[in-house]
Structure formats: structure tokens, C-alpha cells
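J.: Just start15.pdb, nothing more (PDB, C-alpha atoms and all ligand atoms):
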```
MODEL        1
ATOM      1  CA  MET A   1     176.373 230.488  82.468  1.00  0.00           C
ATOM      2  CA  PRO A   2     174.498 227.913  80.430  1.00  0.00           C
ATOM      3  CA  THR A   3     171.080 227.060  81.681  1.00  0.00           C
ATOM      4  CA  ASN A   4     170.436 223.426  81.914  1.00  0.00           C
ATOM      5  CA  THR A   5     167.120 222.547  80.436  1.00  0.00           C
ATOM      6  CA  ILE A   6     165.455 219.468  81.643  1.00  0.00           C
ATOM      7  CA  PRO A   7     164.591 217.414  78.606  1.00  0.00           C
ATOM      8  CA  GLU A   8     160.907 216.903  78.247  1.00  0.00           C
ATOM      9  CA  VAL A   9     159.811 213.440  79.113  1.00  0.00           C
ATOM     10  CA  GLN A  10     158.717 211.701  75.992  1.00  0.00           C
ATOM     11  CA  HIS A  11     155.713 209.555  76.587  1.00  0.00           C
ATOM     12  CA  PRO A  12     155.850 206.776  74.080  1.00  0.00           C
ATOM     13  CA  THR A  13     152.586 206.638  72.228  1.00  0.00           C
ATOM     14  CA  THR A  14     151.159 203.302  73.128  1.00  0.00           C
ATOM     15  CA  PRO A  15     149.153 201.851  70.282  1.00  0.00           C
ATOM     16  CA  GLU A  16     145.508 201.332  71.119  1.00  0.00           C
ATOM     17  CA  PRO A  17     144.618 197.723  71.895  1.00  0.00           C
ATOM     18  CA  ALA A  18     142.996 195.825  69.051  1.00  0.00           C
ATOM     19  CA  TYR A  19     139.521 195.809  70.603  1.00  0.00           C
ATOM     20  CA  VAL A  20     139.599 199.615  70.842  1.00  0.00           C
ATOM     21  CA  LEU A  21     140.534 199.930  67.180  1.00  0.00           C
ATOM     22  CA  ARG A  22     137.807 197.463  66.224  1.00  0.00           C
ATOM     23  CA  GLY A  23     135.334 199.427  68.331  1.00  0.00           C
ATOM     24  CA  LEU A  24     136.250 202.674  66.629  1.00  0.00           C
ATOM     25  CA  GLY A  25     135.848 200.940  63.280  1.00  0.00           C
ATOM     26  CA  LEU A  26     132.396 199.724  64.319  1.00  0.00           C
ATOM     27  CA  PHE A  27     131.519 203.251  65.312  1.00  0.00           C
ATOM     28  CA  GLU A  28     132.612 204.591  61.924  1.00  0.00           C
ATOM     29  CA  LEU A  29     130.520 202.003  60.119  1.00  0.00           C
ATOM     30  CA  CYS A  30     127.450 201.735  62.307  1.00  0.00           C
ATOM     31  CA  ALA A  31     127.155 204.900  64.396  1.00  0.00           C
ATOM     32  CA  GLY A  32     123.732 205.804  62.982  1.00  0.00           C
ATOM     33  CA  GLU A  33     122.438 202.273  63.413  1.00  0.00           C
ATOM     34  CA  ILE A  34     123.663 202.098  67.008  1.00  0.00           C
ATOM     35  CA  LEU A  35     122.109 205.459  67.869  1.00  0.00           C
ATOM     36  CA  ALA A  36     118.783 204.449  66.322  1.00  0.00           C
ATOM     37  CA  SER A  37     118.865 201.196  68.309  1.00  0.00           C
ATOM     38  CA  TYR A  38     118.884 203.013  71.649  1.00  0.00           C
ATOM     39  CA  GLN A  39     116.732 201.067  74.086  1.00  0.00           C
ATOM     40  CA  GLY A  40     116.732 203.480  77.008  1.00  0.00           C
ATOM     41  CA  GLY A  41     118.613 202.962  80.244  1.00  0.00           C
ATOM     42  CA  GLY A  42     121.993 203.205  78.515  1.00  0.00           C
ATOM     43  CA  ARG A  43     121.289 200.133  76.356  1.00  0.00           C
ATOM     44  CA  TYR A  44     122.208 199.907  72.678  1.00  0.00           C
ATOM     45  CA  ILE A  45     122.172 197.155  70.099  1.00  0.00           C
ATOM     46  CA  VAL A  46     125.595 196.877  68.485  1.00  0.00           C
ATOM     47  CA  PRO A  47     126.325 194.628  65.505  1.00  0.00           C
ATOM     48  CA  SER A  48     129.213 192.212  65.691  1.00  0.00           C
ATOM     49  CA  GLY A  49     132.184 193.418  63.686  1.00  0.00           C
ATOM     50  CA  THR A  50     133.042 189.888  62.607  1.00  0.00           C
ATOM     51  CA  ALA A  51     129.931 187.685  62.511  1.00  0.00           C
ATOM     52  CA  ALA A  52     127.155 188.642  60.118  1.00  0.00           C
ATOM     53  CA  ASN A  53     123.630 188.972  61.541  1.00  0.00           C
ATOM     54  CA  THR A  54     124.902 188.915  65.093  1.00  0.00           C
ATOM     55  CA  LEU A  55     123.815 191.674  67.432  1.00  0.00           C
ATOM     56  CA  TYR A  56     124.808 192.309  71.000  1.00  0.00           C
ATOM     57  CA  GLU A  57     122.978 194.281  73.621  1.00  0.00           C
ATOM     58  CA  VAL A  58     125.456 196.634  75.222  1.00  0.00           C
ATOM     59  CA  ARG A  59     124.862 198.708  78.284  1.00  0.00           C
ATOM     60  CA  VAL A  60     126.811 201.914  78.758  1.00  0.00           C
ATOM     61  CA  GLY A  61     126.551 202.474  82.484  1.00  0.00           C
ATOM     62  CA  THR A  62     126.667 205.768  84.313  1.00  0.00           C
ATOM     63  CA  ARG A  63     129.787 204.336  85.921  1.00  0.00           C
ATOM     64  CA  PRO A  64     132.360 202.121  84.180  1.00  0.00           C
ATOM     65  CA  GLU A  65     131.667 199.166  86.467  1.00  0.00           C
ATOM     66  CA  ARG A  66     128.082 199.157  85.221  1.00  0.00           C
ATOM     67  CA  ASN A  67     129.075 198.627  81.613  1.00  0.00           C
ATOM     68  CA  ARG A  68     128.320 195.302  80.077  1.00  0.00           C
ATOM     69  CA  CYS A  69     127.959 193.433  76.804  1.00  0.00           C
ATOM     70  CA  GLU A  70     126.484 190.095  75.885  1.00  0.00           C
ATOM     71  CA  CYS A  71     129.458 188.929  73.860  1.00  0.00           C
ATOM     72  CA  ARG A  72     131.975 186.298  74.898  1.00  0.00           C
ATOM     73  CA  GLY A  73     134.866 188.759  74.841  1.00  0.00           C
ATOM     74  CA  TRP A  74     133.159 190.807  77.506  1.00  0.00           C
ATOM     75  CA  SER A  75     132.519 187.883  79.795  1.00  0.00           C
ATOM     76  CA  ALA A  76     136.145 186.805  79.415  1.00  0.00           C
ATOM     77  CA  HIS A  77     137.995 190.128  79.597  1.00  0.00           C
ATOM     78  CA  HIS A  78     135.481 192.794  80.605  1.00  0.00           C
ATOM     79  CA  HIS A  79     136.212 194.822  77.556  1.00  0.00           C
ATOM     80  CA  CYS A  80     135.127 194.537  73.947  1.00  0.00           C
ATOM     81  CA  SER A  81     134.791 196.478  70.734  1.00  0.00           C
ATOM     82  CA  HIS A  82     130.986 196.723  71.071  1.00  0.00           C
ATOM     83  CA  LEU A  83     131.239 198.660  74.281  1.00  0.00           C
ATOM     84  CA  ILE A  84     133.835 200.993  72.758  1.00  0.00           C
ATOM     85  CA  ALA A  85     131.476 201.726  69.857  1.00  0.00           C
ATOM     86  CA  ALA A  86     128.413 202.189  72.082  1.00  0.00           C
ATOM     87  CA  GLU A  87     130.329 204.388  74.497  1.00  0.00           C
ATOM     88  CA  ARG A  88     131.362 206.659  71.685  1.00  0.00           C
ATOM     89  CA  VAL A  89     127.766 206.919  70.464  1.00  0.00           C
ATOM     90  CA  ALA A  90     126.641 207.709  74.014  1.00  0.00           C
ATOM     91  CA  LYS A  91     129.287 210.394  74.378  1.00  0.00           C
ATOM     92  CA  LYS A  92     128.280 212.152  71.194  1.00  0.00           C
ATOM     93  CA  SER A  93     124.537 212.051  71.656  1.00  0.00           C
ATOM     94  CA  GLY A  94     121.816 213.068  74.047  1.00  0.00           C
ATOM     95  CA  VAL A  95     118.113 212.620  74.649  1.00  0.00           C
ATOM     96  CA  CYS A  96     115.720 215.263  73.326  1.00  0.00           C
ATOM     97  CA  ASP A  97     113.714 216.714  76.199  1.00  0.00           C
ATOM     98  CA  GLY A  98     110.732 217.045  73.883  1.00  0.00           C
ATOM     99  CA  CYS A  99     110.211 213.635  72.358  1.00  0.00           C
ATOM    100  CA  GLY A 100     112.671 211.573  74.395  1.00  0.00           C
ATOM    101  CA  GLU A 101     114.467 210.281  71.312  1.00  0.00           C
ATOM    102  CA  ARG A 102     118.195 209.923  71.316  1.00  0.00           C
ATOM    103  CA  ARG A 103     119.930 212.267  68.835  1.00  0.00           C
ATOM    104  CA  TRP A 104     123.433 213.373  67.968  1.00  0.00           C
ATOM    105  CA  ASP A 105     124.574 216.335  70.026  1.00  0.00           C
ATOM    106  CA  ARG A 106     124.932 218.396  66.892  1.00  0.00           C
ATOM    107  CA  GLU A 107     121.204 217.935  66.165  1.00  0.00           C
ATOM    108  CA  LEU A 108     120.108 219.088  69.608  1.00  0.00           C
ATOM    109  CA  VAL A 109     119.570 222.752  70.396  1.00  0.00           C
ATOM    110  CA  GLU A 110     119.768 223.913  73.962  1.00  0.00           C
ATOM    111  CA  VAL A 111     117.160 226.354  75.202  1.00  0.00           C
ATOM    112  CA  ILE A 112     119.325 229.168  76.511  1.00  0.00           C
ATOM    113  CA  GLU A 113     116.959 231.915  77.533  1.00  0.00           C
ATOM    114  CA  ASP A 114     113.443 232.482  78.671  1.00  0.00           C
ATOM    115  CA  HIS A 115     110.893 232.761  75.951  1.00  0.00           C
ATOM    116  CA  ASP A 116     107.162 233.144  75.731  1.00  0.00           C
ATOM    117  CA  SER A 117     106.483 229.481  75.293  1.00  0.00           C
ATOM    118  CA  LEU A 118     105.981 227.614  78.523  1.00  0.00           C
ATOM    119  CA  THR A 119     106.607 224.348  76.760  1.00  0.00           C
ATOM    120  CA  TRP A 120     110.375 224.335  77.308  1.00  0.00           C
ATOM    121  CA  PHE A 121     112.685 225.302  80.091  1.00  0.00           C
ATOM    122  CA  VAL A 122     116.123 226.853  79.983  1.00  0.00           C
ATOM    123  CA  GLY A 123     118.641 224.043  79.658  1.00  0.00           C
ATOM    124  CA  ASP A 124     116.297 221.722  77.805  1.00  0.00           C
ATOM    125  CA  ARG A 125     117.828 220.163  74.734  1.00  0.00           C
ATOM    126  CA  LEU A 126     115.554 219.734  71.768  1.00  0.00           C
ATOM    127  CA  CYS A 127     115.778 218.052  68.411  1.00  0.00           C
ATOM    128  CA  GLY A 128     114.914 219.867  65.191  1.00  0.00           C
ATOM    129  CA  GLY A 129     111.576 218.085  64.920  1.00  0.00           C
ATOM    130  CA  CYS A 130     110.417 219.247  68.343  1.00  0.00           C
ATOM    131  CA  LEU A 131     111.644 222.778  67.690  1.00  0.00           C
ATOM    132  CA  SER A 132     109.793 223.198  64.453  1.00  0.00           C
ATOM    133  CA  ALA A 133     106.679 221.445  65.778  1.00  0.00           C
ATOM    134  CA  HIS A 134     106.430 224.189  68.377  1.00  0.00           C
ATOM    135  CA  GLY A 135     107.372 227.123  66.211  1.00  0.00           C
ATOM    136  CA  GLY A 136     110.943 227.415  67.362  1.00  0.00           C
ATOM    137  CA  ILE A 137     112.258 228.954  70.525  1.00  0.00           C
ATOM    138  CA  SER A 138     112.924 232.514  69.395  1.00  0.00           C
TER     139      SER A 138
HETATM  140 ZN    ZN B   1     130.879 192.934  73.269  1.00  0.00          ZN
HETATM  141 ZN    ZN B   2     112.540 215.807  69.963  1.00  0.00          ZN
ENDMDL
END
```
How does this structure look as C-alpha cells?
T.:
Amino acid sequence: MPTNTIPEVQHPTTPEPAYVLRGLGLFELCAGEILASYQGGGRYIVPSGTAANTLYEVRVGTRPERNRCECRGWSAHHHCSHLIAAERVAKKSGVCDGCGERRWDRELVEVIEDHDSLTWFVGDRLCGGCLSAHGGIS
């Protein structure tokens, strides 16, 4: 008896909207700049992808409804490429528990076990500068 197999549902791959693609492009070009611009409180300065010398302050909120951007696209549609770029930077970075600077995740080392130094706690994430300034965590 032949077994009927249910054909797998093919989800058509929806192309990303243009503002998402532009945001990813901005991230590729300016990720370092955006990270270095971190203002605290989820705020970043993101360059315009189209107008030279134009910068927008973007806030990546702890919840999506707290996101915002200064640009006109945001006030019209509540989405824009700047937020996409800043969100991606936020996702891939964290704040060093030593110096408070924002760094890429790959540059942060998590303190995973107790050590003699009382400077750091297990779970702290530290940048290379803080680690070497305190003689490492071994
Ligand atoms: Zn924007
Ligand atoms: Zn640090």
C-alpha cells in the first residue's frame, strides 16, 4: 500500500523590504562607526545612507515600541534603515563591565569562574583592555 506523503508546505521567500536591505547595507559600511557612536541608553548615531553629512540619532529600545529615529521615514512609517542598522549593532555588541564602553561581542570575554581577583564577578563581560589592565582573569 503506497503511503501518501503530505507535500511540505513551501513558504515563498519574501524579499526583504527595501528599508531592511538599506539598513543592512548601512551596517556593512558603518558598523564600527555606529558602535563607536554609542551614547548610552540604547542611543546610537547612524549616518544617512543617502544624504552626505547627515546623521540621525536612533534609539534601540528594550522593547520594539520604544524604538525611534529622527528621520522623516521613521515619523511617517515607523520603520527605517537607520534603526535596522543600529539594531544589528546592538544585537552584536555589549557593554564592558569594566570600563562601560560598548564593544563587539567577539571582543568581550565573560568571566566564567571564581578567581583570586575581587575586581570581577562571574558573568561579567570584559573587553581586552580591561582584562590586560588587571592581569587577566586566569
Ligand atoms: Zn531613520
Ligand atoms: Zn573594558
J.: Can you translate the PyMOL selection byres (((not hetatm)) within 8 of (chain B and resi 2)) into the concrete residues it hits in this file, as a ChimeraX atom specification?
T.: /A:95-101,126-131
J.: Tell me which residues the PyMOL selection byres (((chain A and resi 44-52) around 8) and not hetatm) grabs here, as a list of chain:residue names.
T.: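 For this structure, the PyMOL selection byres (((chain A and resi 44-52) around 8) and not hetatm) captures A:Arg22, A:Leu26, A:Cys30, A:Ile34, A:Leu35, A:Ser37, A:Tyr38, A:Gln39, A:Gly40, A:Gly42, A:Arg43, A:Asn53, A:Thr54, A:Leu55, A:Tyr56, A:Glu57, A:Val58, A:Arg59, A:Val60, A:His82, A:Ala85, A:Ala86.
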J.: Calculated over only C-alpha atoms, which of the candidates A:Arg106, A:Arg68, A:His77, A:Lys92 has the smallest distance to Ala31 in chain A?
T.: A:Lys92
J.: Might you spell out which residues the PyMOL selection byres (((not hetatm)) within 7 of (chain B and resi 1)) would select in the displayed file, as a list in words?
T.: Tyr56, Val58, Cys69, Glu70, Cys71, Arg72, Gly73, Trp74, Cys80, Ser81, His82 and Leu83 of chain A
J.: If I take CA of Ala18 in chain A and CA of Arg63 in chain A, how far is one from the other in Å, to one decimal?
T.: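 Computing the Euclidean distance for CA of Ala18 in chain A and CA of Arg63 in chain A yields 23.1 Å.
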J.: In terms of the shortest atom-to-atom distance over all atoms listed in the file, which of A:His11, A:Phe27, A:Glu65, A:Ala133 is closest to Ile84 in chain A?
T.: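 Among the listed residues, the smallest separation from Ile84 in chain A belongs to A:Phe27.
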J.: Restricting the calculation to only C-alpha atoms, which member of A:Thr62, A:Arg88, A:Ile6, A:Gly94 is positioned closest to Gly25 in chain A?
T.: A:Arg88
J.: Mind rebuilding range 83-94 of chain A with all heavy atoms and writing that out as a CSV table (one decimal), keeping the file's coordinate frame?
T.:
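Saved as result23.csv:
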```
chain,number,residue,atom,x,y,z
A,83,LEU,N,131.4,197.6,73.2
A,83,LEU,CA,131.2,198.7,74.3
A,83,LEU,C,131.9,199.9,73.9
A,83,LEU,O,131.4,201.0,74.1
A,83,LEU,CB,131.8,198.2,75.6
A,83,LEU,CG,131.4,199.2,76.7
A,83,LEU,CD1,130.1,198.9,77.3
A,83,LEU,CD2,132.5,199.2,77.8
A,84,ILE,N,133.1,199.8,73.2
A,84,ILE,CA,133.8,201.0,72.8
A,84,ILE,C,132.9,201.8,71.8
A,84,ILE,O,132.8,203.0,71.9
A,84,ILE,CB,135.1,200.6,72.0
A,84,ILE,CG1,136.1,199.9,73.0
A,84,ILE,CG2,135.8,201.8,71.4
A,84,ILE,CD1,136.7,200.7,74.1
A,85,ALA,N,132.3,201.1,70.9
A,85,ALA,CA,131.5,201.7,69.9
A,85,ALA,C,130.3,202.4,70.5
A,85,ALA,O,129.9,203.5,70.2
A,85,ALA,CB,131.0,200.7,68.8
A,86,ALA,N,129.6,201.6,71.4
A,86,ALA,CA,128.4,202.2,72.1
A,86,ALA,C,128.8,203.4,73.0
A,86,ALA,O,128.0,204.4,73.0
A,86,ALA,CB,127.7,201.1,72.9
A,87,GLU,N,129.9,203.3,73.6
A,87,GLU,CA,130.3,204.4,74.5
A,87,GLU,C,130.5,205.7,73.7
A,87,GLU,O,130.2,206.8,74.1
A,87,GLU,CB,131.7,204.0,75.2
A,87,GLU,CG,131.6,203.9,76.6
A,87,GLU,CD,132.9,203.5,77.3
A,87,GLU,OE1,133.9,203.2,76.5
A,87,GLU,OE2,132.9,203.3,78.5
A,88,ARG,N,131.1,205.5,72.5
A,88,ARG,CA,131.4,206.7,71.7
A,88,ARG,C,130.0,207.3,71.2
A,88,ARG,O,129.9,208.5,71.2
A,88,ARG,CB,132.2,206.2,70.5
A,88,ARG,CG,132.5,207.4,69.6
A,88,ARG,CD,133.8,207.2,68.9
A,88,ARG,NE,134.9,207.5,69.7
A,88,ARG,CZ,136.0,208.2,69.3
A,88,ARG,NH1,136.1,208.6,68.1
A,88,ARG,NH2,137.0,208.4,70.1
A,89,VAL,N,129.1,206.4,70.9
A,89,VAL,CA,127.8,206.9,70.5
A,89,VAL,C,127.1,207.7,71.6
A,89,VAL,O,126.6,208.8,71.5
A,89,VAL,CB,126.8,205.8,70.0
A,89,VAL,CG1,125.4,206.2,69.9
A,89,VAL,CG2,127.3,205.2,68.7
A,90,ALA,N,127.2,207.1,72.8
A,90,ALA,CA,126.6,207.7,74.0
A,90,ALA,C,127.3,209.1,74.3
A,90,ALA,O,126.6,210.0,74.6
A,90,ALA,CB,126.8,206.8,75.2
A,91,LYS,N,128.6,209.2,74.1
A,91,LYS,CA,129.3,210.4,74.4
A,91,LYS,C,128.9,211.5,73.4
A,91,LYS,O,128.9,212.7,73.8
A,91,LYS,CB,130.8,210.1,74.3
A,91,LYS,CG,131.6,211.0,75.2
A,91,LYS,CD,133.1,210.5,75.1
A,91,LYS,CE,133.3,209.3,76.0
A,91,LYS,NZ,134.7,208.8,75.9
A,92,LYS,N,128.6,211.1,72.2
A,92,LYS,CA,128.3,212.2,71.2
A,92,LYS,C,126.8,212.4,71.0
A,92,LYS,O,126.4,213.0,70.0
A,92,LYS,CB,128.9,211.7,69.9
A,92,LYS,CG,130.4,211.7,69.8
A,92,LYS,CD,130.9,211.1,68.5
A,92,LYS,CE,132.4,211.2,68.4
A,92,LYS,NZ,132.8,212.6,68.1
A,93,SER,N,126.0,211.9,71.9
A,93,SER,CA,124.5,212.1,71.7
A,93,SER,C,123.8,212.4,73.0
A,93,SER,O,124.4,212.3,74.0
A,93,SER,CB,124.0,210.8,71.0
A,93,SER,OG,124.1,209.7,71.9
A,94,GLY,N,122.6,212.8,72.9
A,94,GLY,CA,121.8,213.1,74.0
A,94,GLY,C,120.4,212.8,73.8
A,94,GLY,O,120.0,212.6,72.6
```
